[in-house]
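Here is the file final02.pdb (PDB, C-alpha atoms and all ligand atoms).
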ATOM      1  CA  MET K   1       0.000   0.000   0.000
ATOM      2  CA  ALA K   2       2.155   2.836  -1.220
ATOM      3  CA  LEU K   3      -0.347   5.443  -2.267
ATOM      4  CA  ALA K   4       1.135   8.694  -0.946
ATOM      5  CA  THR K   5       0.002  12.289  -0.948
ATOM      6  CA  MET K   6       1.839  14.782  -3.132
ATOM      7  CA  GLY K   7       2.896  16.670  -0.009
ATOM      8  CA  GLU K   8       4.486  13.543   1.454
ATOM      9  CA  ILE K   9       6.628  13.175  -1.667
ATOM     10  CA  VAL K  10       7.330  16.776  -2.652
ATOM     11  CA  GLY K  11       7.847  18.234   0.832
ATOM     12  CA  PRO K  12      10.896  16.137   1.832
ATOM     13  CA  ALA K  13      12.306  16.349  -1.704
ATOM     14  CA  ARG K  14      12.196  20.142  -1.673
ATOM     15  CA  ALA K  15      13.755  20.275   1.786
ATOM     16  CA  ALA K  16      16.589  18.009   0.625
ATOM     17  CA  GLY K  17      17.059  19.679  -2.776
ATOM     18  CA  ARG K  18      16.017  16.628  -4.748
ATOM     19  CA  GLY K  19      13.750  16.489  -7.766
ATOM     20  CA  VAL K  20      10.551  14.461  -7.964
ATOM     21  CA  GLY K  21       9.724  12.753 -11.264
ATOM     22  CA  ALA K  22       6.109  13.259 -12.332
ATOM     23  CA  PHE K  23       5.369  11.152 -15.383
ATOM     24  CA  ASN K  24       2.309  11.342 -17.593
ATOM     25  CA  VAL K  25       0.256   8.213 -18.007
ATOM     26  CA  ILE K  26      -1.531   7.410 -21.252
ATOM     27  CA  GLY K  27      -2.805   3.882 -20.631
ATOM     28  CA  ILE K  28      -2.518   1.486 -17.703
ATOM     29  CA  GLU K  29       0.664  -0.032 -19.147
ATOM     30  CA  HIS K  30       2.366   3.348 -18.759
ATOM     31  CA  ALA K  31       1.389   3.437 -15.085
ATOM     32  CA  GLU K  32       2.801  -0.067 -14.651
ATOM     33  CA  ALA K  33       6.050   0.877 -16.396
ATOM     34  CA  ILE K  34       6.488   4.118 -14.452
ATOM     35  CA  VAL K  35       6.008   2.376 -11.117
ATOM     36  CA  ALA K  36       8.357  -0.452 -12.159
ATOM     37  CA  GLY K  37      10.985   2.161 -12.997
ATOM     38  CA  ALA K  38      10.492   3.945  -9.683
ATOM     39  CA  GLU K  39      10.794   0.651  -7.821
ATOM     40  CA  ALA K  40      14.028  -0.112  -9.678
ATOM     41  CA  ALA K  41      15.358   3.309  -8.665
ATOM     42  CA  ASP K  42      13.906   2.975  -5.149
ATOM     43  CA  ALA K  43      12.456   6.449  -5.538
ATOM     44  CA  PRO K  44       9.028   7.952  -4.956
ATOM     45  CA  VAL K  45       7.177   8.926  -8.111
ATOM     46  CA  VAL K  46       4.106  10.757  -9.386
ATOM     47  CA  LEU K  47       1.675   9.266 -11.881
ATOM     48  CA  GLN K  48      -0.171  12.063 -13.590
ATOM     49  CA  ILE K  49      -3.201  12.071 -15.818
ATOM     50  CA  SER K  50      -3.726  15.088 -18.018
ATOM     51  CA  GLU K  51      -7.084  16.475 -19.004
ATOM     52  CA  ASN K  52      -6.151  15.547 -22.577
ATOM     53  CA  CYS K  53      -5.551  11.946 -21.469
ATOM     54  CA  ALA K  54      -8.924  11.801 -19.703
ATOM     55  CA  THR K  55     -10.554  13.228 -22.831
ATOM     56  CA  TRP K  56      -8.829  10.590 -24.956
ATOM     57  CA  HIS K  57     -10.212   7.836 -22.720
ATOM     58  CA  GLY K  58     -13.634   9.505 -22.806
ATOM     59  CA  ALA K  59     -13.663   9.912 -19.018
ATOM     60  CA  LEU K  60     -11.294  10.440 -16.099
ATOM     61  CA  GLU K  61     -12.617   7.723 -13.818
ATOM     62  CA  PRO K  62     -11.345   4.494 -15.447
ATOM     63  CA  ILE K  63      -7.760   5.638 -15.892
ATOM     64  CA  ALA K  64      -7.764   7.390 -12.497
ATOM     65  CA  ARG K  65      -8.920   4.268 -10.683
ATOM     66  CA  ALA K  66      -6.397   2.155 -12.600
ATOM     67  CA  CYS K  67      -3.564   4.473 -11.566
ATOM     68  CA  LEU K  68      -4.703   4.455  -7.946
ATOM     69  CA  ALA K  69      -4.751   0.658  -7.952
ATOM     70  CA  VAL K  70      -1.253   0.493  -9.470
ATOM     71  CA  ALA K  71      -0.049   3.026  -6.878
ATOM     72  CA  ARG K  72      -1.497   1.085  -3.960
ATOM     73  CA  ALA K  73       0.367  -2.035  -5.033
ATOM     74  CA  ALA K  74       3.722  -0.247  -5.472
ATOM     75  CA  ALA K  75       6.763  -0.842  -3.293
ATOM     76  CA  VAL K  76       7.623   2.891  -3.320
ATOM     77  CA  PRO K  77       5.498   5.966  -2.482
ATOM     78  CA  VAL K  78       3.338   6.934  -5.455
ATOM     79  CA  ALA K  79       1.069   9.973  -5.742
ATOM     80  CA  VAL K  80      -1.616  10.204  -8.429
ATOM     81  CA  HIS K  81      -2.171  13.689  -9.834
ATOM     82  CA  LEU K  82      -4.534  15.363 -12.285
ATOM     83  CA  ASP K  83      -2.423  17.382 -14.748
ATOM     84  CA  HIS K  84      -3.508  20.526 -16.588
ATOM     85  CA  ALA K  85      -7.189  20.691 -15.700
ATOM     86  CA  SER K  86      -8.658  23.707 -17.424
ATOM     87  CA  GLY K  87     -11.998  23.530 -15.606
ATOM     88  CA  ALA K  88     -13.117  23.207 -11.999
ATOM     89  CA  GLU K  89     -15.514  20.413 -12.936
ATOM     90  CA  LEU K  90     -12.673  18.003 -13.744
ATOM     91  CA  VAL K  91     -10.960  18.988 -10.493
ATOM     92  CA  ARG K  92     -14.101  18.066  -8.569
ATOM     93  CA  ALA K  93     -14.313  14.766 -10.450
ATOM     94  CA  ALA K  94     -10.681  13.972  -9.624
ATOM     95  CA  SER K  95     -11.334  14.563  -5.948
ATOM     96  CA  ALA K  96     -14.424  12.376  -6.074
ATOM     97  CA  PHE K  97     -12.439   9.516  -7.620
ATOM     98  CA  GLY K  98      -9.770   9.695  -4.907
ATOM     99  CA  LEU K  99      -6.996  11.750  -6.526
ATOM    100  CA  GLY K 100      -5.345  13.784  -3.791
ATOM    101  CA  SER K 101      -3.555  16.219  -6.055
ATOM    102  CA  VAL K 102      -4.509  18.391  -9.012
ATOM    103  CA  MET K 103      -3.054  20.989 -11.326
ATOM    104  CA  TYR K 104      -5.554  23.680 -12.138
ATOM    105  CA  ASP K 105      -4.264  25.648 -15.107
ATOM    106  CA  ALA K 106      -5.788  29.053 -15.677
ATOM    107  CA  SER K 107      -2.511  30.484 -16.963
ATOM    108  CA  ARG K 108      -4.097  31.425 -20.274
ATOM    109  CA  LEU K 109      -6.239  33.997 -18.452
ATOM    110  CA  PRO K 110      -5.158  37.537 -17.645
ATOM    111  CA  TYR K 111      -3.347  37.698 -14.275
ATOM    112  CA  ALA K 112      -6.274  38.941 -12.184
ATOM    113  CA  ASP K 113      -8.610  36.310 -13.638
ATOM    114  CA  ASN K 114      -5.997  33.570 -13.133
ATOM    115  CA  VAL K 115      -5.722  34.623  -9.463
ATOM    116  CA  ARG K 116      -9.475  34.698  -8.929
ATOM    117  CA  ALA K 117     -10.178  31.349 -10.607
ATOM    118  CA  THR K 118      -7.210  29.607  -8.998
ATOM    119  CA  ALA K 119      -7.990  30.917  -5.516
ATOM    120  CA  GLU K 120     -11.523  29.588  -5.807
ATOM    121  CA  VAL K 121     -10.366  26.129  -6.875
ATOM    122  CA  ALA K 122      -7.615  26.074  -4.242
ATOM    123  CA  ALA K 123     -10.058  26.900  -1.446
ATOM    124  CA  TRP K 124     -12.412  24.161  -2.620
ATOM    125  CA  CYS K 125      -9.546  21.660  -2.800
ATOM    126  CA  HIS K 126      -8.060  22.567   0.560
ATOM    127  CA  ASP K 127     -11.428  22.013   2.234
ATOM    128  CA  ARG K 128     -11.075  18.424   1.003
ATOM    129  CA  GLY K 129      -7.384  17.931   1.647
ATOM    130  CA  VAL K 130      -6.480  18.063  -2.050
ATOM    131  CA  TRP K 131      -3.053  19.479  -3.028
ATOM    132  CA  VAL K 132      -3.159  22.168  -5.712
ATOM    133  CA  GLU K 133      -0.624  23.150  -8.359
ATOM    134  CA  ALA K 134      -1.254  26.187 -10.538
ATOM    135  CA  GLU K 135       0.643  27.850 -13.361
ATOM    136  CA  LEU K 136       1.830  31.374 -13.846
ATOM    137  CA  GLY K 137       3.495  32.580 -17.011
ATOM    138  CA  GLU K 138       1.974  30.055 -19.443
ATOM    139  CA  VAL K 139       4.565  27.462 -20.404
ATOM    140  CA  GLY K 140       4.332  27.187 -24.182
ATOM    141  CA  GLY K 141       3.834  24.264 -26.508
ATOM    142  CA  LYS K 142       0.406  22.920 -25.601
ATOM    143  CA  ASP K 143      -0.969  24.442 -28.768
ATOM    144  CA  GLY K 144       1.793  22.735 -30.731
ATOM    145  CA  VAL K 145       3.804  25.914 -31.043
ATOM    146  CA  HIS K 146       6.955  26.153 -28.949
ATOM    147  CA  SER K 147       7.163  29.480 -27.199
ATOM    148  CA  PRO K 148      10.106  29.151 -24.835
ATOM    149  CA  VAL K 149      10.294  32.911 -24.404
ATOM    150  CA  ALA K 150       7.586  33.047 -21.715
ATOM    151  CA  ARG K 151       8.979  33.841 -18.262
ATOM    152  CA  THR K 152       7.386  33.919 -14.813
ATOM    153  CA  ASP K 153       8.151  37.097 -12.886
ATOM    154  CA  PRO K 154       9.365  36.385  -9.305
ATOM    155  CA  ASP K 155       7.466  39.272  -7.707
ATOM    156  CA  GLN K 156       4.290  38.254  -9.485
ATOM    157  CA  ALA K 157       4.894  34.647  -8.403
ATOM    158  CA  ALA K 158       5.096  35.712  -4.761
ATOM    159  CA  GLY K 159       1.872  37.684  -5.097
ATOM    160  CA  PHE K 160       0.154  34.860  -6.922
ATOM    161  CA  VAL K 161       1.001  32.266  -4.271
ATOM    162  CA  ALA K 162      -0.058  34.615  -1.469
ATOM    163  CA  SER K 163      -3.336  35.482  -3.200
ATOM    164  CA  THR K 164      -4.315  31.961  -4.220
ATOM    165  CA  GLY K 165      -2.889  29.751  -1.475
ATOM    166  CA  VAL K 166      -1.662  27.148  -3.973
ATOM    167  CA  ASP K 167       0.664  24.392  -2.783
ATOM    168  CA  ALA K 168       2.995  24.458  -5.789
ATOM    169  CA  LEU K 169       3.632  26.643  -8.786
ATOM    170  CA  ALA K 170       4.410  25.704 -12.382
ATOM    171  CA  VAL K 171       6.731  28.331 -13.789
ATOM    172  CA  ALA K 172       7.867  29.401 -17.244
ATOM    173  CA  VAL K 173      11.682  29.339 -17.195
ATOM    174  CA  GLY K 174      12.601  28.423 -20.769
ATOM    175  CA  SER K 175      11.018  25.015 -21.400
ATOM    176  CA  SER K 176       8.157  24.270 -23.755
ATOM    177  CA  HIS K 177       5.666  21.397 -23.915
ATOM    178  CA  ALA K 178       5.904  18.467 -26.344
ATOM    179  CA  MET K 179       9.456  19.127 -27.543
ATOM    180  CA  LEU K 180      11.033  16.310 -29.550
ATOM    181  CA  THR K 181      14.504  17.852 -29.472
ATOM    182  CA  LYS K 182      16.562  18.420 -26.317
ATOM    183  CA  ASP K 183      17.699  21.977 -26.872
ATOM    184  CA  ALA K 184      15.607  24.008 -24.444
ATOM    185  CA  VAL K 185      17.743  26.351 -22.365
ATOM    186  CA  LEU K 186      16.579  26.933 -18.801
ATOM    187  CA  ASP K 187      17.145  30.201 -16.975
ATOM    188  CA  LEU K 188      18.855  28.937 -13.814
ATOM    189  CA  GLY K 189      19.184  32.400 -12.306
ATOM    190  CA  LEU K 190      15.454  32.966 -12.671
ATOM    191  CA  ILE K 191      14.745  29.555 -11.100
ATOM    192  CA  ALA K 192      16.811  30.526  -8.058
ATOM    193  CA  ARG K 193      14.983  33.856  -7.749
ATOM    194  CA  LEU K 194      11.603  32.151  -8.112
ATOM    195  CA  ARG K 195      12.505  29.623  -5.421
ATOM    196  CA  GLN K 196      13.248  32.483  -3.042
ATOM    197  CA  ALA K 197      10.159  34.454  -3.984
ATOM    198  CA  ALA K 198       7.436  31.823  -4.353
ATOM    199  CA  GLY K 199       7.813  30.008  -1.048
ATOM    200  CA  VAL K 200       6.214  26.834  -2.440
ATOM    201  CA  PRO K 201       7.663  23.960  -4.494
ATOM    202  CA  LEU K 202       8.260  24.891  -8.136
ATOM    203  CA  VAL K 203       7.175  22.682 -11.026
ATOM    204  CA  LEU K 204       8.815  22.368 -14.425
ATOM    205  CA  HIS K 205       6.591  21.535 -17.388
ATOM    206  CA  GLY K 206       8.034  20.707 -20.787
ATOM    207  CA  SER K 207      11.018  18.865 -19.315
ATOM    208  CA  SER K 208      11.371  16.474 -22.245
ATOM    209  CA  GLY K 209      13.074  19.236 -24.242
ATOM    210  CA  VAL K 210      15.729  19.788 -21.577
ATOM    211  CA  PRO K 211      19.101  17.939 -21.665
ATOM    212  CA  ASP K 212      19.749  15.678 -18.640
ATOM    213  CA  ASP K 213      22.565  17.781 -17.195
ATOM    214  CA  ASP K 214      20.388  20.885 -17.391
ATOM    215  CA  LEU K 215      17.543  19.102 -15.619
ATOM    216  CA  ALA K 216      19.887  18.181 -12.777
ATOM    217  CA  ALA K 217      21.146  21.785 -12.660
ATOM    218  CA  ALA K 218      17.577  23.086 -12.603
ATOM    219  CA  VAL K 219      16.801  20.883  -9.602
ATOM    220  CA  ARG K 220      19.903  22.211  -7.853
ATOM    221  CA  ALA K 221      18.763  25.750  -8.684
ATOM    222  CA  GLY K 222      15.388  25.200  -7.045
ATOM    223  CA  LEU K 223      12.890  23.208  -9.103
ATOM    224  CA  THR K 224      11.258  20.261  -7.332
ATOM    225  CA  LYS K 225       8.463  18.580  -9.319
ATOM    226  CA  ILE K 226       9.647  17.746 -12.819
ATOM    227  CA  ASN K 227       6.887  16.805 -15.266
ATOM    228  CA  ILE K 228       7.944  14.417 -18.010
ATOM    229  CA  ALA K 229       5.562  13.206 -20.709
ATOM    230  CA  THR K 230       6.904  13.414 -24.257
ATOM    231  CA  GLN K 231      10.191  11.677 -23.433
ATOM    232  CA  LEU K 232       8.346   8.538 -22.306
ATOM    233  CA  ASN K 233       6.099   8.666 -25.363
ATOM    234  CA  LYS K 234       9.185   8.790 -27.573
ATOM    235  CA  VAL K 235      10.715   5.766 -25.833
ATOM    236  CA  PHE K 236       7.466   3.770 -25.789
ATOM    237  CA  THR K 237       6.665   4.410 -29.425
ATOM    238  CA  ALA K 238      10.206   3.743 -30.656
ATOM    239  CA  ALA K 239      10.200   0.370 -28.896
ATOM    240  CA  VAL K 240       6.802  -0.550 -30.318
ATOM    241  CA  ARG K 241       7.851   0.581 -33.793
ATOM    242  CA  ASP K 242      11.050  -1.455 -33.632
ATOM    243  CA  TYR K 243       9.185  -4.503 -32.400
ATOM    244  CA  LEU K 244       6.540  -4.353 -35.105
ATOM    245  CA  SER K 245       9.154  -3.747 -37.788
ATOM    246  CA  ALA K 246      11.007  -6.866 -36.660
ATOM    247  CA  GLU K 247       7.840  -8.938 -36.108
ATOM    248  CA  PRO K 248       5.343  -7.782 -38.736
ATOM    249  CA  ALA K 249       3.145 -10.876 -38.280
ATOM    250  CA  VAL K 250       2.386 -10.158 -34.607
ATOM    251  CA  VAL K 251      -1.231  -9.245 -33.829
ATOM    252  CA  ASP K 252      -1.401  -9.636 -30.029
ATOM    253  CA  PRO K 253      -1.156  -6.147 -28.490
ATOM    254  CA  ARG K 254       0.430  -7.684 -25.391
ATOM    255  CA  ARG K 255       3.494  -8.557 -27.462
ATOM    256  CA  TYR K 256       4.278  -5.073 -28.744
ATOM    257  CA  GLY K 257       2.749  -3.481 -25.634
ATOM    258  CA  SER K 258       5.334  -5.363 -23.592
ATOM    259  CA  ALA K 259       8.097  -3.968 -25.779
ATOM    260  CA  GLY K 260       6.895  -0.439 -25.023
ATOM    261  CA  ARG K 261       6.359  -1.051 -21.327
ATOM    262  CA  ASP K 262       9.708  -2.777 -20.910
ATOM    263  CA  ALA K 263      11.451   0.195 -22.553
ATOM    264  CA  VAL K 264       9.726   2.851 -20.447
ATOM    265  CA  ALA K 265      10.588   1.361 -17.040
ATOM    266  CA  PRO K 266      14.395   1.706 -17.316
ATOM    267  CA  GLU K 267      14.009   5.183 -18.825
ATOM    268  CA  VAL K 268      11.985   6.218 -15.778
ATOM    269  CA  ALA K 269      14.637   4.759 -13.478
ATOM    270  CA  ARG K 270      17.354   6.599 -15.413
ATOM    271  CA  LEU K 271      15.483   9.911 -15.286
ATOM    272  CA  LEU K 272      14.864   9.546 -11.559
ATOM    273  CA  GLY K 273      18.632   9.166 -11.190
ATOM    274  CA  VAL K 274      19.110  12.408 -13.133
ATOM    275  CA  LEU K 275      16.645  14.242 -10.889
ATOM    276  CA  GLU K 276      18.449  12.928  -7.856
ATOM    277  CA  GLY K 277      21.565  14.659  -9.083
ATOM    278  CA  GLY K 278      23.213  11.460 -10.258
ATOM    279  CA  ALA K 279      24.870  10.909 -13.593
ATOM    280  CA  GLY K 280      21.744   9.579 -15.216
ATOM    281  CA  GLU K 281      22.102   6.050 -13.848
ATOM    282  CA  PRO K 282      20.027   4.626 -11.032
ATOM    283  CA  LEU K 283      22.001   4.298  -7.826
ATOM    284  CA  SER K 284      23.542   0.900  -7.184
ATOM    285  CA  PRO K 285      22.591  -0.794  -3.893
ATOM    286  CA  VAL K 286      26.087  -0.018  -2.563
ATOM    287  CA  GLU K 287      25.836   3.693  -3.457
ATOM    288  CA  ARG K 288      22.374   3.823  -1.989
ATOM    289  CA  ALA K 289      23.465   2.276   1.289
ATOM    290  CA  ALA K 290      26.457   4.621   1.462
ATOM    291  CA  ARG K 291      24.312   7.673   0.880
ATOM    292  CA  ALA K 292      21.703   6.528   3.390
ATOM    293  CA  ALA K 293      24.467   6.148   5.956
ATOM    294  CA  GLY K 294      25.698   9.661   5.176
ATOM    295  CA  LEU K 295      29.049   8.398   3.897
ATOM    296  CA  ALA K 296      28.840  10.114   0.521
ATOM    297  CA  GLY K 297      29.574  13.813   0.301
ATOM    298  CA  SER K 298      27.095  16.439  -0.783
ATOM    299  CA  ALA K 299      27.415  18.053  -4.156
ATOM    300  CA  PRO K 300      29.898  20.905  -3.799
ATOM    301  CA  GLY K 301      28.457  24.332  -3.297
ATOM    302  CA  GLY K 302      24.910  23.506  -4.244
ATOM    303  CA  GLY K 303      23.581  22.692  -0.829
ATOM    304  CA  ARG K 304      22.165  19.575  -2.360
ATOM    305  CA  GLY K 305      22.377  17.142   0.492
ATOM    306  CA  GLN K 306      22.518  13.520  -0.513
ATOM    307  CA  GLY K 307      23.788  11.898   2.637
ATOM    308  CA  ALA K 308      22.082  12.126   5.991
ATOM    309  CA  GLU K 309      19.483  14.440   4.511
ATOM    310  CA  ARG K 310      18.137  11.661   2.393
ATOM    311  CA  VAL K 311      14.780  11.033   3.930
ATOM    312  CA  ARG K 312      13.405   8.432   1.593
ATOM    313  CA  GLY K 313      13.112   5.905   4.393
ATOM    314  CA  HIS K 314      10.845   8.271   6.268
ATOM    315  CA  HIS K 315       8.154   8.422   3.648
ATOM    316  CA  PRO K 316       4.911   7.092   5.022
ATOM    317  CA  PRO K 317       3.973   3.722   3.562
TER     318      PRO K 317
HETATM  319 ZN    ZN U   1       2.379  20.929 -18.609
END

With the file now loaded, output its structure as structure tokens.
Amino acid sequence: MALATMGEIVGPARAAGRGVGAFNVIGIEHAEAIVAGAEAADAPVVLQISENCATWHGALEPIARACLAVARAAAVPVAVHLDHASGAELVRAASAFGLGSVMYDASRLPYADNVRATAEVAAWCHDRGVWVEAELGEVGGKDGVHSPVARTDPDQAAGFVASTGVDALAVAVGSSHAMLTKDAVLDLGLIARLRQAAGVPLVLHGSSGVPDDDLAAAVRAGLTKINIATQLNKVFTAAVRDYLSAEPAVVDPRRYGSAGRDAVAPEVARLLGVLEGGAGEPLSPVERAARAAGLAGSAPGGGRGQGAERVRGHHPP
């Protein structure tokens, strides 16, 4: 039983300067692969279901309940999150189905309207113990057009968090949704200023376009929840394509579905290693034991504790 709240995962990670991987689910096999990867990395993880995903399934409930069931059976803490809800109705549905965390995205609205709508949703959610992420600065790419020039202003971020009471803030710092190339350039100085100003965990959307080293640097600079969707889709689809090219007579979806699922799990484990500040490889059992015992040094200068500050063992079951 490893269903965790978002706060239980993100809170200790932020305090310790670690990143949390939040991976978008498409079908149940993605949820299975993401959790398998997190178990291999011995790291907590977030399964997230976007409004677009719920629309694709025709409803939120079946995929939400599937993700919750996969989470409950996991050997690591797993939170299930509604990603990019554009309406309060879907937020209410998510809460009704047992999702303890939502992103309400009114970033397309003018600032004052974004504040008003988000504050309303946040108050409703907090009355029910639901964790709320909002967005300020409109990260580009959801319309298919990359607009990595959007930037969240730190002073406005501070005002937005104070006015809305949100638990986390998605910020525009140079990434863009749905990128197939890894050439986004993040503004690390802005991330550091936003971390100081916002006072809540910061979320990066559009991470698939960011090179691994830059993702690790962005976590060190102050980002906590790192949303990753397109990268897993690339890996899943490439594996399925390769399999079907090699085995054109196959008709059983479990055969090529397995190829996709088996490719996603190690990619999740690898990315969780990146977000931990590693070199892109999951920690070995020896490294993990050494870090847990506080024998390994912290990263120089970054205040990114990886020894005694590691609090993974303290996550509630
Ligand atoms: Zn997003």

Could you list, as a PDB file with C-alpha atoms, in the coordinates of the input, all protein and nucleic acid residues with an atom at most 7 Å from ligand ZN 1 (chain U), counting only C-alpha atoms and all ligand atoms?
ATOM      1  CA  HIS K  84      -3.508  20.526 -16.588  1.00  0.00           C
ATOM      2  CA  HIS K 177       5.666  21.397 -23.915  1.00  0.00           C
ATOM      3  CA  HIS K 205       6.591  21.535 -17.388  1.00  0.00           C
ATOM      4  CA  GLY K 206       8.034  20.707 -20.787  1.00  0.00           C
ATOM      5  CA  ASN K 227       6.887  16.805 -15.266  1.00  0.00           C
TER       6      ASN K 227
END

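When only C-alpha atoms are used to compute distances to K:Val121, the closest of the residues K:Gln156, K:Thr164, K:Gln231, K:Ser258 turns out to be K:Thr164.
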
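For the atom pair formed by atom CA of K:Ala217 and atom CA of K:Tyr111, the distance is 29.3 Å, given to one decimal.
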
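Evaluated against the shown file, the PyMOL selection byres (((chain K and resi 107) around 9) and not hetatm) gives Tyr104, Asp105, Ala106, Arg108, Leu109, Pro110, Tyr111, Asn114, Ala134, Glu135, Leu136, Gly137, Glu138 and Val139 of chain K.
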
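Shortest separation to K:Leu99 among K:Asn24, K:Thr5, K:Ser245, K:Ser176 occurs at residue K:Thr5, atoms counted being all atoms listed in the file.
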
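For the atom pair formed by atom CA of K:Ala74 and atom CA of K:Val35, the distance is 6.6 Å, given to one decimal.
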
Margin query: Taking (-8.6, 4.3, -18.8) in the coordinates of the supplied file, I want to know which residues reach to within 7 Å of it, counting all atoms listed in the file; could you give the answer as number ranges by chain?
Written below: K: 27-28, 57, 62-63, 66

Margin query: Please expand the PyMOL selection byres (((chain K and resi 170) around 6) and not hetatm) into the concrete residues it hits in this file, giving the result as a ChimeraX atom specification.
Written below: /K:134-135,169,171,202-204

Please dump the current selection as an mmCIF file, in the coordinates of the input; keep C-alpha atoms.
data_model
loop_
_atom_site.group_PDB
_atom_site.id
_atom_site.type_symbol
_atom_site.label_atom_id
_atom_site.label_comp_id
_atom_site.auth_asym_id
_atom_site.auth_seq_id
_atom_site.Cartn_x
_atom_site.Cartn_y
_atom_site.Cartn_z
ATOM 1 C CA ALA K 134 -1.254 26.187 -10.538
ATOM 2 C CA GLU K 135 0.643 27.850 -13.361
ATOM 3 C CA LEU K 169 3.632 26.643 -8.786
ATOM 4 C CA VAL K 171 6.731 28.331 -13.789
ATOM 5 C CA LEU K 202 8.260 24.891 -8.136
ATOM 6 C CA VAL K 203 7.175 22.682 -11.026
ATOM 7 C CA LEU K 204 8.815 22.368 -14.425
#

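Each of K:Val10, K:Asp214, K:Ile49, K:Tyr243 was checked against K:Val274 using only C-alpha atoms; the smallest atom-to-atom distance is that of K:Asp214.
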
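For the structure in this document, the set picked by the PyMOL selection byres (((chain K and resi 126) around 12) and not hetatm) is Val91, Arg92, Ser95, Gly100, Ser101, Val102, Thr118, Ala119, Glu120, Val121, Ala122, Ala123, Trp124, Cys125, Asp127, Arg128, Gly129, Val130, Trp131, Val132, Glu133, Thr164, Gly165, Val166 and Asp167 of chain K.
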
Margin query: Between atom CA of K:Glu51 and atom CA of K:Ala75, what distance in Å does the model show, to one decimal?
Written below: 27.2 Å

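Those DNA, RNA and protein residues that approach the point (2.7, 5.9, 0.9) to within 10 Å, considering only C-alpha atoms, are Met1, Ala2, Leu3, Ala4, Thr5, Met6, Glu8, Ile9, Pro44, Ala71, Arg72, Ala74, Ala75, Val76, Pro77, Val78, Ala79, His315, Pro316 and Pro317 of chain K.
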
Take the residues that were just selected and, keeping C-alpha atoms, output them as a CSV table (one decimal), in the coordinates of the input.
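Below is the file that was written, out.csv:
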chain,number,residue,atom,x,y,z
K,1,MET,CA,0.0,0.0,0.0
K,2,ALA,CA,2.2,2.8,-1.2
K,3,LEU,CA,-0.3,5.4,-2.3
K,4,ALA,CA,1.1,8.7,-0.9
K,5,THR,CA,0.0,12.3,-0.9
K,6,MET,CA,1.8,14.8,-3.1
K,8,GLU,CA,4.5,13.5,1.5
K,9,ILE,CA,6.6,13.2,-1.7
K,44,PRO,CA,9.0,8.0,-5.0
K,71,ALA,CA,0.0,3.0,-6.9
K,72,ARG,CA,-1.5,1.1,-4.0
K,74,ALA,CA,3.7,-0.2,-5.5
K,75,ALA,CA,6.8,-0.8,-3.3
K,76,VAL,CA,7.6,2.9,-3.3
K,77,PRO,CA,5.5,6.0,-2.5
K,78,VAL,CA,3.3,6.9,-5.5
K,79,ALA,CA,1.1,10.0,-5.7
K,315,HIS,CA,8.2,8.4,3.6
K,316,PRO,CA,4.9,7.1,5.0
K,317,PRO,CA,4.0,3.7,3.6

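Proximity of K:Lys234, K:Gly19, K:Ala94, K:Arg270 to K:Glu61, computed with only C-alpha atoms, is greatest for K:Ala94.
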
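Each of K:Ala168, K:Ser175, K:Glu29, K:Pro154 was compared to K:Pro253 using all atoms listed in the file, and K:Glu29 turns out to be the nearest.
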
Put the listed atoms of stretch 158-168 of chain K in a box along x, y and z with 6 Å added on every side and give me the centre and edge lengths in Å to one decimal, as lines of an AutoDock Vina configuration file.
center_x = 0.4
center_y = 31.0
center_z = -4.2
size_x = 21.4
size_y = 25.3
size_z = 17.5

Notebook entry, point to check: Near K:Ala184, counting all atoms listed in the file, which residues have an atom at most 6 Å away, once you skip same-chain residues fewer than 2 positions from it, shown as a list of chain:residue names?
Noted result: K:Ser175, K:Lys182, K:Gly209, K:Val210

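Among the candidates K:Ala157, K:Ala229, K:Ala246, K:Val70, the residue lying nearest to K:Pro201 is K:Ala157 (atoms considered: all atoms listed in the file).
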
Notebook entry, point to check: Using all atoms listed in the file, which residues sit within 12 Å of K:Val264 once same-chain residues fewer than 3 positions away are excluded, as a PyMOL selection string?
Noted result: chain K and resi 23-25+29-38+40+228-240+257-261+267-271

Next, dump the selected residues to file, keeping only C-alpha atoms, as a short mmCIF file (atom, residue, chain, number, x, y, z; two decimals), in the coordinates of the input.
data_model
loop_
_atom_site.label_atom_id
_atom_site.label_comp_id
_atom_site.auth_asym_id
_atom_site.auth_seq_id
_atom_site.Cartn_x
_atom_site.Cartn_y
_atom_site.Cartn_z
CA PHE K 23 5.37 11.15 -15.38
CA ASN K 24 2.31 11.34 -17.59
CA VAL K 25 0.26 8.21 -18.01
CA GLU K 29 0.66 -0.03 -19.15
CA HIS K 30 2.37 3.35 -18.76
CA ALA K 31 1.39 3.44 -15.08
CA GLU K 32 2.80 -0.07 -14.65
CA ALA K 33 6.05 0.88 -16.40
CA ILE K 34 6.49 4.12 -14.45
CA VAL K 35 6.01 2.38 -11.12
CA ALA K 36 8.36 -0.45 -12.16
CA GLY K 37 10.98 2.16 -13.00
CA ALA K 38 10.49 3.94 -9.68
CA ALA K 40 14.03 -0.11 -9.68
CA ILE K 228 7.94 14.42 -18.01
CA ALA K 229 5.56 13.21 -20.71
CA THR K 230 6.90 13.41 -24.26
CA GLN K 231 10.19 11.68 -23.43
CA LEU K 232 8.35 8.54 -22.31
CA ASN K 233 6.10 8.67 -25.36
CA LYS K 234 9.18 8.79 -27.57
CA VAL K 235 10.72 5.77 -25.83
CA PHE K 236 7.47 3.77 -25.79
CA THR K 237 6.66 4.41 -29.42
CA ALA K 238 10.21 3.74 -30.66
CA ALA K 239 10.20 0.37 -28.90
CA VAL K 240 6.80 -0.55 -30.32
CA GLY K 257 2.75 -3.48 -25.63
CA SER K 258 5.33 -5.36 -23.59
CA ALA K 259 8.10 -3.97 -25.78
CA GLY K 260 6.90 -0.44 -25.02
CA ARG K 261 6.36 -1.05 -21.33
CA GLU K 267 14.01 5.18 -18.82
CA VAL K 268 11.98 6.22 -15.78
CA ALA K 269 14.64 4.76 -13.48
CA ARG K 270 17.35 6.60 -15.41
CA LEU K 271 15.48 9.91 -15.29
#
